[in-house]
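Chemist: Contents of upload_28.cif (mmCIF, N, CA and C atoms) are given next:
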```
data_work
#
loop_
_atom_site.label_atom_id
_atom_site.label_comp_id
_atom_site.auth_asym_id
_atom_site.auth_seq_id
_atom_site.Cartn_x
_atom_site.Cartn_y
_atom_site.Cartn_z
N MET X 1 69.51 75.52 130.88
CA MET X 1 70.58 74.66 131.33
C MET X 1 71.69 74.64 130.27
N ARG X 2 72.91 74.72 130.73
CA ARG X 2 74.06 74.70 129.83
C ARG X 2 74.32 73.28 129.34
N GLU X 3 74.71 73.20 128.07
CA GLU X 3 74.97 71.90 127.47
C GLU X 3 76.37 71.41 127.81
N GLN X 4 76.56 70.11 127.65
CA GLN X 4 77.86 69.48 127.80
C GLN X 4 78.06 68.51 126.64
N LYS X 5 79.31 68.20 126.36
CA LYS X 5 79.62 67.29 125.26
C LYS X 5 80.92 66.58 125.57
N GLU X 6 80.94 65.27 125.37
CA GLU X 6 82.16 64.50 125.58
C GLU X 6 82.94 64.43 124.27
N VAL X 7 84.26 64.67 124.35
CA VAL X 7 85.12 64.60 123.16
C VAL X 7 86.38 63.81 123.47
N GLN X 8 86.90 63.17 122.45
CA GLN X 8 88.15 62.43 122.55
C GLN X 8 89.24 63.28 121.92
N VAL X 9 90.28 63.57 122.66
CA VAL X 9 91.43 64.31 122.14
C VAL X 9 92.66 63.48 122.47
N GLY X 10 93.30 62.96 121.43
CA GLY X 10 94.40 62.03 121.66
C GLY X 10 93.84 60.80 122.36
N GLU X 11 94.48 60.39 123.42
CA GLU X 11 94.02 59.22 124.17
C GLU X 11 93.13 59.60 125.35
N ASP X 12 92.85 60.88 125.51
CA ASP X 12 92.09 61.36 126.66
C ASP X 12 90.67 61.76 126.27
N THR X 13 89.76 61.59 127.22
CA THR X 13 88.37 62.01 127.04
C THR X 13 88.11 63.20 127.95
N TYR X 14 87.53 64.24 127.36
CA TYR X 14 87.21 65.47 128.09
C TYR X 14 85.71 65.71 128.01
N LEU X 15 85.15 66.31 129.04
CA LEU X 15 83.77 66.74 129.03
C LEU X 15 83.78 68.25 128.87
N LEU X 16 83.22 68.72 127.76
CA LEU X 16 83.17 70.16 127.49
C LEU X 16 81.94 70.76 128.16
N HIS X 17 82.09 71.97 128.65
CA HIS X 17 81.01 72.68 129.32
C HIS X 17 80.74 73.99 128.58
N GLN X 18 79.49 74.25 128.31
CA GLN X 18 79.11 75.48 127.62
C GLN X 18 79.39 76.68 128.54
N PHE X 19 79.97 77.73 127.96
CA PHE X 19 80.22 78.95 128.72
C PHE X 19 78.91 79.68 128.98
N GLY X 20 78.87 80.43 130.07
CA GLY X 20 77.75 81.34 130.30
C GLY X 20 77.82 82.47 129.28
N ALA X 21 76.75 83.20 129.12
CA ALA X 21 76.66 84.22 128.07
C ALA X 21 77.72 85.31 128.23
N ILE X 22 77.91 85.85 129.42
CA ILE X 22 78.88 86.93 129.61
C ILE X 22 80.29 86.43 129.34
N GLU X 23 80.64 85.30 129.90
CA GLU X 23 81.96 84.73 129.70
C GLU X 23 82.18 84.40 128.21
N GLY X 24 81.17 83.82 127.57
CA GLY X 24 81.27 83.48 126.16
C GLY X 24 81.48 84.71 125.28
N LEU X 25 80.79 85.79 125.59
CA LEU X 25 80.97 87.02 124.82
C LEU X 25 82.39 87.56 124.95
N LYS X 26 82.95 87.46 126.14
CA LYS X 26 84.31 87.93 126.37
C LYS X 26 85.29 87.14 125.49
N TYR X 27 85.16 85.84 125.49
CA TYR X 27 86.05 85.00 124.66
C TYR X 27 85.78 85.23 123.18
N GLN X 28 84.51 85.35 122.82
CA GLN X 28 84.14 85.50 121.41
C GLN X 28 84.75 86.77 120.81
N LYS X 29 84.74 87.86 121.57
CA LYS X 29 85.32 89.11 121.06
C LYS X 29 86.80 88.93 120.75
N ALA X 30 87.53 88.28 121.64
CA ALA X 30 88.96 88.07 121.41
C ALA X 30 89.20 87.11 120.26
N LEU X 31 88.42 86.04 120.19
CA LEU X 31 88.59 85.07 119.11
C LEU X 31 88.24 85.66 117.75
N ALA X 32 87.24 86.52 117.72
CA ALA X 32 86.82 87.13 116.45
C ALA X 32 87.94 87.92 115.81
N GLN X 33 88.77 88.58 116.62
CA GLN X 33 89.88 89.37 116.09
C GLN X 33 90.89 88.50 115.35
N VAL X 34 90.94 87.22 115.69
CA VAL X 34 91.89 86.30 115.09
C VAL X 34 91.24 85.45 114.00
N LEU X 35 90.06 84.94 114.29
CA LEU X 35 89.43 83.98 113.38
C LEU X 35 88.73 84.63 112.19
N LEU X 36 88.07 85.76 112.39
CA LEU X 36 87.32 86.36 111.28
C LEU X 36 88.19 86.78 110.11
N PRO X 37 89.35 87.40 110.35
CA PRO X 37 90.21 87.71 109.20
C PRO X 37 90.66 86.45 108.44
N ALA X 38 90.93 85.37 109.17
CA ALA X 38 91.34 84.12 108.53
C ALA X 38 90.20 83.53 107.70
N ILE X 39 88.98 83.56 108.25
CA ILE X 39 87.81 83.06 107.51
C ILE X 39 87.57 83.91 106.27
N ALA X 40 87.72 85.21 106.40
CA ALA X 40 87.55 86.11 105.25
C ALA X 40 88.55 85.80 104.15
N GLU X 41 89.80 85.55 104.52
CA GLU X 41 90.83 85.21 103.53
C GLU X 41 90.49 83.90 102.83
N ILE X 42 90.02 82.92 103.57
CA ILE X 42 89.64 81.64 102.97
C ILE X 42 88.48 81.84 102.00
N SER X 43 87.52 82.66 102.39
CA SER X 43 86.36 82.94 101.52
C SER X 43 86.77 83.64 100.24
N LYS X 44 87.72 84.57 100.33
CA LYS X 44 88.19 85.31 99.15
C LYS X 44 88.93 84.41 98.17
N ALA X 45 89.49 83.32 98.68
CA ALA X 45 90.32 82.44 97.85
C ALA X 45 89.46 81.44 97.08
N GLY X 46 88.23 81.79 96.80
CA GLY X 46 87.24 80.91 96.19
C GLY X 46 87.69 80.00 95.07
N GLU X 47 88.44 80.49 94.10
CA GLU X 47 88.80 79.67 92.94
C GLU X 47 90.06 78.85 93.17
N LEU X 48 90.74 79.06 94.26
CA LEU X 48 91.95 78.29 94.55
C LEU X 48 91.58 76.91 95.08
N SER X 49 92.54 76.01 95.08
CA SER X 49 92.31 74.69 95.65
C SER X 49 92.04 74.84 97.14
N GLU X 50 91.40 73.84 97.71
CA GLU X 50 91.09 73.88 99.14
C GLU X 50 92.38 74.01 99.95
N GLU X 51 93.41 73.30 99.52
CA GLU X 51 94.70 73.34 100.22
C GLU X 51 95.29 74.75 100.21
N SER X 52 95.23 75.41 99.06
CA SER X 52 95.76 76.78 98.95
C SER X 52 94.95 77.75 99.79
N ALA X 53 93.63 77.60 99.76
CA ALA X 53 92.76 78.49 100.53
C ALA X 53 93.03 78.34 102.02
N ILE X 54 93.21 77.10 102.48
CA ILE X 54 93.49 76.87 103.90
C ILE X 54 94.86 77.44 104.26
N SER X 55 95.82 77.30 103.38
CA SER X 55 97.16 77.86 103.62
C SER X 55 97.09 79.38 103.78
N ILE X 56 96.32 80.04 102.92
CA ILE X 56 96.14 81.49 103.02
C ILE X 56 95.48 81.86 104.34
N GLY X 57 94.46 81.10 104.72
CA GLY X 57 93.77 81.35 105.99
C GLY X 57 94.68 81.14 107.18
N MET X 58 95.51 80.10 107.13
CA MET X 58 96.44 79.83 108.23
C MET X 58 97.47 80.95 108.36
N ASN X 59 97.91 81.48 107.24
CA ASN X 59 98.86 82.61 107.29
C ASN X 59 98.23 83.82 107.97
N LYS X 60 96.96 84.09 107.64
CA LYS X 60 96.25 85.20 108.26
C LYS X 60 96.05 84.94 109.75
N LEU X 61 95.76 83.71 110.08
CA LEU X 61 95.60 83.33 111.48
C LEU X 61 96.91 83.57 112.24
N ALA X 62 98.03 83.17 111.65
CA ALA X 62 99.33 83.36 112.29
C ALA X 62 99.65 84.85 112.48
N GLU X 63 99.23 85.68 111.53
CA GLU X 63 99.47 87.13 111.64
C GLU X 63 98.78 87.73 112.86
N ASN X 64 97.64 87.18 113.23
CA ASN X 64 96.81 87.77 114.28
C ASN X 64 96.82 87.00 115.60
N ILE X 65 97.55 85.90 115.68
CA ILE X 65 97.48 85.04 116.85
C ILE X 65 97.90 85.74 118.15
N ASP X 66 98.75 86.75 118.05
CA ASP X 66 99.19 87.46 119.25
C ASP X 66 98.06 88.23 119.93
N LYS X 67 96.92 88.35 119.26
CA LYS X 67 95.78 89.04 119.87
C LYS X 67 95.09 88.17 120.92
N ILE X 68 95.45 86.88 120.94
CA ILE X 68 94.90 85.98 121.95
C ILE X 68 95.98 85.73 122.99
N ASP X 69 95.66 86.06 124.20
CA ASP X 69 96.58 85.94 125.32
C ASP X 69 96.55 84.50 125.85
N GLU X 70 97.71 84.00 126.26
CA GLU X 70 97.78 82.61 126.74
C GLU X 70 96.94 82.40 128.00
N ARG X 71 96.73 83.43 128.79
CA ARG X 71 95.87 83.30 129.97
C ARG X 71 94.41 83.09 129.57
N MET X 72 94.03 83.67 128.44
CA MET X 72 92.67 83.45 127.96
C MET X 72 92.51 82.00 127.50
N ILE X 73 93.52 81.47 126.82
CA ILE X 73 93.46 80.08 126.38
C ILE X 73 93.38 79.16 127.61
N GLU X 74 94.20 79.45 128.60
CA GLU X 74 94.16 78.66 129.84
C GLU X 74 92.78 78.73 130.48
N ALA X 75 92.20 79.92 130.57
CA ALA X 75 90.88 80.08 131.18
C ALA X 75 89.81 79.34 130.40
N MET X 76 89.89 79.39 129.07
CA MET X 76 88.90 78.68 128.24
C MET X 76 88.96 77.18 128.50
N VAL X 77 90.17 76.64 128.64
CA VAL X 77 90.32 75.20 128.87
C VAL X 77 89.86 74.85 130.29
N VAL X 78 90.33 75.60 131.27
CA VAL X 78 90.00 75.29 132.67
C VAL X 78 88.50 75.46 132.93
N ARG X 79 87.89 76.49 132.33
CA ARG X 79 86.45 76.74 132.54
C ARG X 79 85.58 75.94 131.58
N GLY X 80 86.16 75.52 130.45
CA GLY X 80 85.36 74.87 129.41
C GLY X 80 85.47 73.37 129.32
N ALA X 81 86.33 72.74 130.15
CA ALA X 81 86.49 71.29 130.05
C ALA X 81 86.92 70.69 131.39
N THR X 82 86.53 69.44 131.58
CA THR X 82 87.03 68.66 132.71
C THR X 82 87.51 67.32 132.16
N LYS X 83 88.35 66.66 132.92
CA LYS X 83 88.88 65.35 132.54
C LYS X 83 88.68 64.43 133.73
N ASN X 84 87.98 63.32 133.52
CA ASN X 84 87.69 62.37 134.60
C ASN X 84 86.99 63.06 135.77
N ASN X 85 86.05 63.95 135.46
CA ASN X 85 85.27 64.69 136.45
C ASN X 85 86.13 65.58 137.35
N MET X 86 87.31 65.93 136.88
CA MET X 86 88.19 66.80 137.67
C MET X 86 88.61 67.99 136.81
N ALA X 87 88.92 69.09 137.46
CA ALA X 87 89.43 70.27 136.75
C ALA X 87 90.74 69.92 136.06
N VAL X 88 90.95 70.53 134.92
CA VAL X 88 92.18 70.31 134.16
C VAL X 88 93.30 71.15 134.78
N ASN X 89 94.41 70.51 135.12
CA ASN X 89 95.60 71.21 135.59
C ASN X 89 96.36 71.62 134.33
N PHE X 90 96.07 72.80 133.84
CA PHE X 90 96.52 73.26 132.53
C PHE X 90 98.03 73.11 132.32
N ASP X 91 98.82 73.63 133.24
CA ASP X 91 100.27 73.63 133.08
C ASP X 91 100.84 72.21 133.00
N ASN X 92 100.37 71.33 133.85
CA ASN X 92 100.87 69.95 133.85
C ASN X 92 100.26 69.12 132.72
N GLU X 93 98.99 69.28 132.49
CA GLU X 93 98.28 68.47 131.49
C GLU X 93 98.86 68.63 130.09
N PHE X 94 99.26 69.84 129.73
CA PHE X 94 99.67 70.10 128.35
C PHE X 94 101.16 70.40 128.19
N ALA X 95 101.96 70.15 129.21
CA ALA X 95 103.41 70.34 129.09
C ALA X 95 103.92 69.42 127.99
N GLY X 96 104.45 70.00 126.94
CA GLY X 96 104.98 69.24 125.81
C GLY X 96 103.92 68.62 124.90
N LYS X 97 102.64 68.91 125.16
CA LYS X 97 101.54 68.33 124.37
C LYS X 97 100.74 69.45 123.70
N TYR X 98 101.42 70.27 122.92
CA TYR X 98 100.77 71.45 122.35
C TYR X 98 99.75 71.10 121.27
N MET X 99 99.98 70.03 120.51
CA MET X 99 99.00 69.64 119.50
C MET X 99 97.71 69.21 120.19
N GLN X 100 97.82 68.46 121.28
CA GLN X 100 96.64 68.05 122.04
C GLN X 100 95.93 69.29 122.60
N LEU X 101 96.70 70.25 123.10
CA LEU X 101 96.12 71.50 123.60
C LEU X 101 95.34 72.20 122.50
N PHE X 102 95.95 72.35 121.32
CA PHE X 102 95.28 73.05 120.22
C PHE X 102 94.02 72.31 119.78
N GLN X 103 94.08 70.97 119.80
CA GLN X 103 92.89 70.20 119.43
C GLN X 103 91.77 70.40 120.44
N LEU X 104 92.11 70.43 121.72
CA LEU X 104 91.09 70.65 122.75
C LEU X 104 90.52 72.05 122.64
N VAL X 105 91.36 73.05 122.44
CA VAL X 105 90.87 74.42 122.28
C VAL X 105 89.94 74.51 121.08
N LYS X 106 90.30 73.86 119.98
CA LYS X 106 89.42 73.85 118.80
C LYS X 106 88.07 73.25 119.15
N GLU X 107 88.06 72.13 119.87
CA GLU X 107 86.80 71.49 120.28
C GLU X 107 85.97 72.43 121.15
N ILE X 108 86.62 73.11 122.09
CA ILE X 108 85.91 74.04 122.98
C ILE X 108 85.33 75.20 122.17
N VAL X 109 86.11 75.75 121.24
CA VAL X 109 85.65 76.87 120.42
C VAL X 109 84.47 76.43 119.54
N MET X 110 84.59 75.27 118.89
CA MET X 110 83.50 74.83 118.01
C MET X 110 82.24 74.50 118.83
N PHE X 111 82.41 73.93 120.00
CA PHE X 111 81.27 73.60 120.85
C PHE X 111 80.53 74.86 121.29
N ASN X 112 81.29 75.87 121.67
CA ASN X 112 80.67 77.09 122.19
C ASN X 112 80.28 78.10 121.12
N PHE X 113 81.03 78.14 120.02
CA PHE X 113 80.82 79.20 119.02
C PHE X 113 80.57 78.67 117.61
N GLY X 114 80.36 77.38 117.46
CA GLY X 114 80.14 76.79 116.14
C GLY X 114 78.98 77.42 115.39
N SER X 115 77.95 77.82 116.11
CA SER X 115 76.78 78.43 115.46
C SER X 115 77.15 79.76 114.81
N VAL X 116 78.16 80.45 115.35
CA VAL X 116 78.62 81.71 114.76
C VAL X 116 79.26 81.43 113.41
N PHE X 117 80.07 80.35 113.33
CA PHE X 117 80.69 79.99 112.05
C PHE X 117 79.63 79.61 111.02
N THR X 118 78.62 78.88 111.45
CA THR X 118 77.53 78.50 110.55
C THR X 118 76.83 79.74 110.03
N MET X 119 76.57 80.70 110.91
CA MET X 119 75.90 81.94 110.53
C MET X 119 76.75 82.72 109.51
N LEU X 120 78.07 82.64 109.67
CA LEU X 120 78.97 83.35 108.77
C LEU X 120 79.18 82.60 107.46
N GLY X 121 78.58 81.42 107.34
CA GLY X 121 78.69 80.66 106.11
C GLY X 121 79.97 79.88 106.00
N SER X 122 80.63 79.65 107.11
CA SER X 122 81.88 78.88 107.10
C SER X 122 81.59 77.48 107.61
N ASP X 123 82.28 76.51 107.00
CA ASP X 123 82.12 75.13 107.48
C ASP X 123 83.37 74.70 108.21
N VAL X 124 83.96 75.61 108.98
CA VAL X 124 85.17 75.32 109.74
C VAL X 124 84.88 74.18 110.70
N GLU X 125 85.74 73.15 110.68
CA GLU X 125 85.56 72.03 111.59
C GLU X 125 86.81 71.70 112.31
#
```
Would it be possible to restate this file's structure as structure tokens?
Modeler:
Amino acid sequence: MREQKEVQVGEDTYLLHQFGAIEGLKYQKALAQVLLPAIAEISKAGELSEESAISIGMNKLAENIDKIDERMIEAMVVRGATKNNMAVNFDNEFAGKYMQLFQLVKEIVMFNFGSVFTMLGSDVE
């Protein structure tokens, strides 16, 4: 049985749904192209302050962000979360609310792929 988890993002509550294995692998491959280089950069910055290491990682993330297509982000949200027991209307729900969108995507990614980060030795939260 697939797991679910309730999360608060801004003033809204969403119910996250675990992806099936095939769908999860598809998303994971695309996310790995963006996230793994950023995690590697943060790991290499060992002696720097946490703030500097995160800044380096964010720069690497920005370099690779074009590898994630906006339709994939939309699909991850629509397939990975509901709000008030209803499907999320992606275009209307997040119009002008990009920080909320990014927070929800982060929650979906950590819920579905957090074990991968743990395996890689990262404490990304």
Chemist: Extract, using all atoms listed in the file, all DNA, RNA and protein residues at most 6 Å from segment 95-112 of chain X, discarding same-chain residues fewer than 5 positions from it, and format them as number ranges by chain.
Modeler: X: 18-19, 90
Chemist: Pick the closest to Asp69 of chain X from X:Gly20, X:Phe94, X:Ile42, X:Ala30: which is it, counting all atoms listed in the file?
Modeler: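 Between X:Gly20, X:Phe94, X:Ile42, X:Ala30, the residue approaching Asp69 of chain X most closely is X:Ala30.
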Chemist: Could you check the closest approach to Val34 of chain X for each of X:Asn64, X:Thr13, X:Asn84, X:Asn89 and tell me which residue wins, using only N, CA and C atoms?
Modeler: X:Asn64
Chemist: Among chain X, which residues carry a DSSP assignment of helix (DSSP H, G or I), reported as a count of residues only?
Modeler: 79
Chemist: Can you work out which one of X:Leu16, X:Glu11, X:Phe113, X:Leu31 has the shortest atom-to-atom distance to Asn85 of chain X, counting only C-alpha atoms?
Modeler: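 Checking each of X:Leu16, X:Glu11, X:Phe113, X:Leu31 against Asn85 of chain X, counting only C-alpha atoms, the winner is X:Leu16.
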Chemist: So how many Å separate atom N of Asp91 of chain X and atom N of Ala75 of chain X, to one decimal?
Modeler: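 Going from atom N of Asp91 of chain X over to atom N of Ala75 of chain X covers 9.5 Å.
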Chemist: Would you list, as a list in words, the residues of segment 32-104 of chain X that end up in strand (DSSP E) under DSSP run on this structure's backbone?
Modeler: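 So the strand (DSSP E) residues in segment 32-104 of chain X would be Ala81, Thr82, Lys83, Met86 and Ala87 of chain X.
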Chemist: Can you pull out every residue within 10 Å of Leu61 of chain X, counting only C-alpha atoms, but drop anything in the same chain fewer than 3 positions away, and send it as a PDB file with N, CA and C atoms, in the frame of the given file?
Modeler:
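Saved file part_20.pdb follows:
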```
ATOM      1  N   GLN X  33      88.770  88.580 116.620  1.00  0.00           N
ATOM      2  CA  GLN X  33      89.880  89.370 116.090  1.00  0.00           C
ATOM      3  C   GLN X  33      90.890  88.500 115.350  1.00  0.00           C
ATOM      4  N   VAL X  34      90.940  87.220 115.690  1.00  0.00           N
ATOM      5  CA  VAL X  34      91.890  86.300 115.090  1.00  0.00           C
ATOM      6  C   VAL X  34      91.240  85.450 114.000  1.00  0.00           C
ATOM      7  N   LEU X  35      90.060  84.940 114.290  1.00  0.00           N
ATOM      8  CA  LEU X  35      89.430  83.980 113.380  1.00  0.00           C
ATOM      9  C   LEU X  35      88.730  84.630 112.190  1.00  0.00           C
ATOM     10  N   LEU X  36      88.070  85.760 112.390  1.00  0.00           N
ATOM     11  CA  LEU X  36      87.320  86.360 111.280  1.00  0.00           C
ATOM     12  C   LEU X  36      88.190  86.780 110.110  1.00  0.00           C
ATOM     13  N   PRO X  37      89.350  87.400 110.350  1.00  0.00           N
ATOM     14  CA  PRO X  37      90.210  87.710 109.200  1.00  0.00           C
ATOM     15  C   PRO X  37      90.660  86.450 108.440  1.00  0.00           C
ATOM     16  N   ALA X  38      90.930  85.370 109.170  1.00  0.00           N
ATOM     17  CA  ALA X  38      91.340  84.120 108.530  1.00  0.00           C
ATOM     18  C   ALA X  38      90.200  83.530 107.700  1.00  0.00           C
ATOM     19  N   ILE X  39      88.980  83.560 108.250  1.00  0.00           N
ATOM     20  CA  ILE X  39      87.810  83.060 107.510  1.00  0.00           C
ATOM     21  C   ILE X  39      87.570  83.910 106.270  1.00  0.00           C
ATOM     22  N   GLU X  41      89.800  85.550 104.520  1.00  0.00           N
ATOM     23  CA  GLU X  41      90.830  85.210 103.530  1.00  0.00           C
ATOM     24  C   GLU X  41      90.490  83.900 102.830  1.00  0.00           C
ATOM     25  N   SER X  55      95.820  77.300 103.380  1.00  0.00           N
ATOM     26  CA  SER X  55      97.160  77.860 103.620  1.00  0.00           C
ATOM     27  C   SER X  55      97.090  79.380 103.780  1.00  0.00           C
ATOM     28  N   ILE X  56      96.320  80.040 102.920  1.00  0.00           N
ATOM     29  CA  ILE X  56      96.140  81.490 103.020  1.00  0.00           C
ATOM     30  C   ILE X  56      95.480  81.860 104.340  1.00  0.00           C
ATOM     31  N   GLY X  57      94.460  81.100 104.720  1.00  0.00           N
ATOM     32  CA  GLY X  57      93.770  81.350 105.990  1.00  0.00           C
ATOM     33  C   GLY X  57      94.680  81.140 107.180  1.00  0.00           C
ATOM     34  N   MET X  58      95.510  80.100 107.130  1.00  0.00           N
ATOM     35  CA  MET X  58      96.440  79.830 108.230  1.00  0.00           C
ATOM     36  C   MET X  58      97.470  80.950 108.360  1.00  0.00           C
ATOM     37  N   ASN X  64      97.640  87.180 113.230  1.00  0.00           N
ATOM     38  CA  ASN X  64      96.810  87.770 114.280  1.00  0.00           C
ATOM     39  C   ASN X  64      96.820  87.000 115.600  1.00  0.00           C
ATOM     40  N   ILE X  65      97.550  85.900 115.680  1.00  0.00           N
ATOM     41  CA  ILE X  65      97.480  85.040 116.850  1.00  0.00           C
ATOM     42  C   ILE X  65      97.900  85.740 118.150  1.00  0.00           C
ATOM     43  N   ASP X  66      98.750  86.750 118.050  1.00  0.00           N
ATOM     44  CA  ASP X  66      99.190  87.460 119.250  1.00  0.00           C
ATOM     45  C   ASP X  66      98.060  88.230 119.930  1.00  0.00           C
TER      46      ASP X  66
END
```
Chemist: Would you mind reading off the distance between atom CA of Ile22 of chain X and atom CA of Arg2 of chain X, one decimal, in Å?
Modeler: 13.1 Å
Chemist: Atom CA of Val77 of chain X and atom CA of Asp12 of chain X, how far apart in Å?
Modeler: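 Between atom CA of Asp12 of chain X and atom CA of Val77 of chain X the gap works out to 14.1 Å.
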Chemist: Residues proximal to (82.6, 66.2, 130.4) were defined as those with any atom within 7 Å of that point in the file's coordinates, counting all atoms listed in the file. Which are they, as a list of chain:residue names?
Modeler: X:Gln4, X:Lys5, X:Glu6, X:Val7, X:Thr13, X:Tyr14, X:Leu15, X:Leu16, X:His17, X:Ala81, X:Thr82, X:Lys83, X:Asn84, X:Asn85
Chemist: Considering only C-alpha atoms, can you say which of X:Gln28, X:Ser49, X:Asn92, X:Ser43 comes closest to Gly114 of chain X?
Modeler: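 The shortest atom-to-atom distance to Gly114 of chain X comes from X:Gln28.
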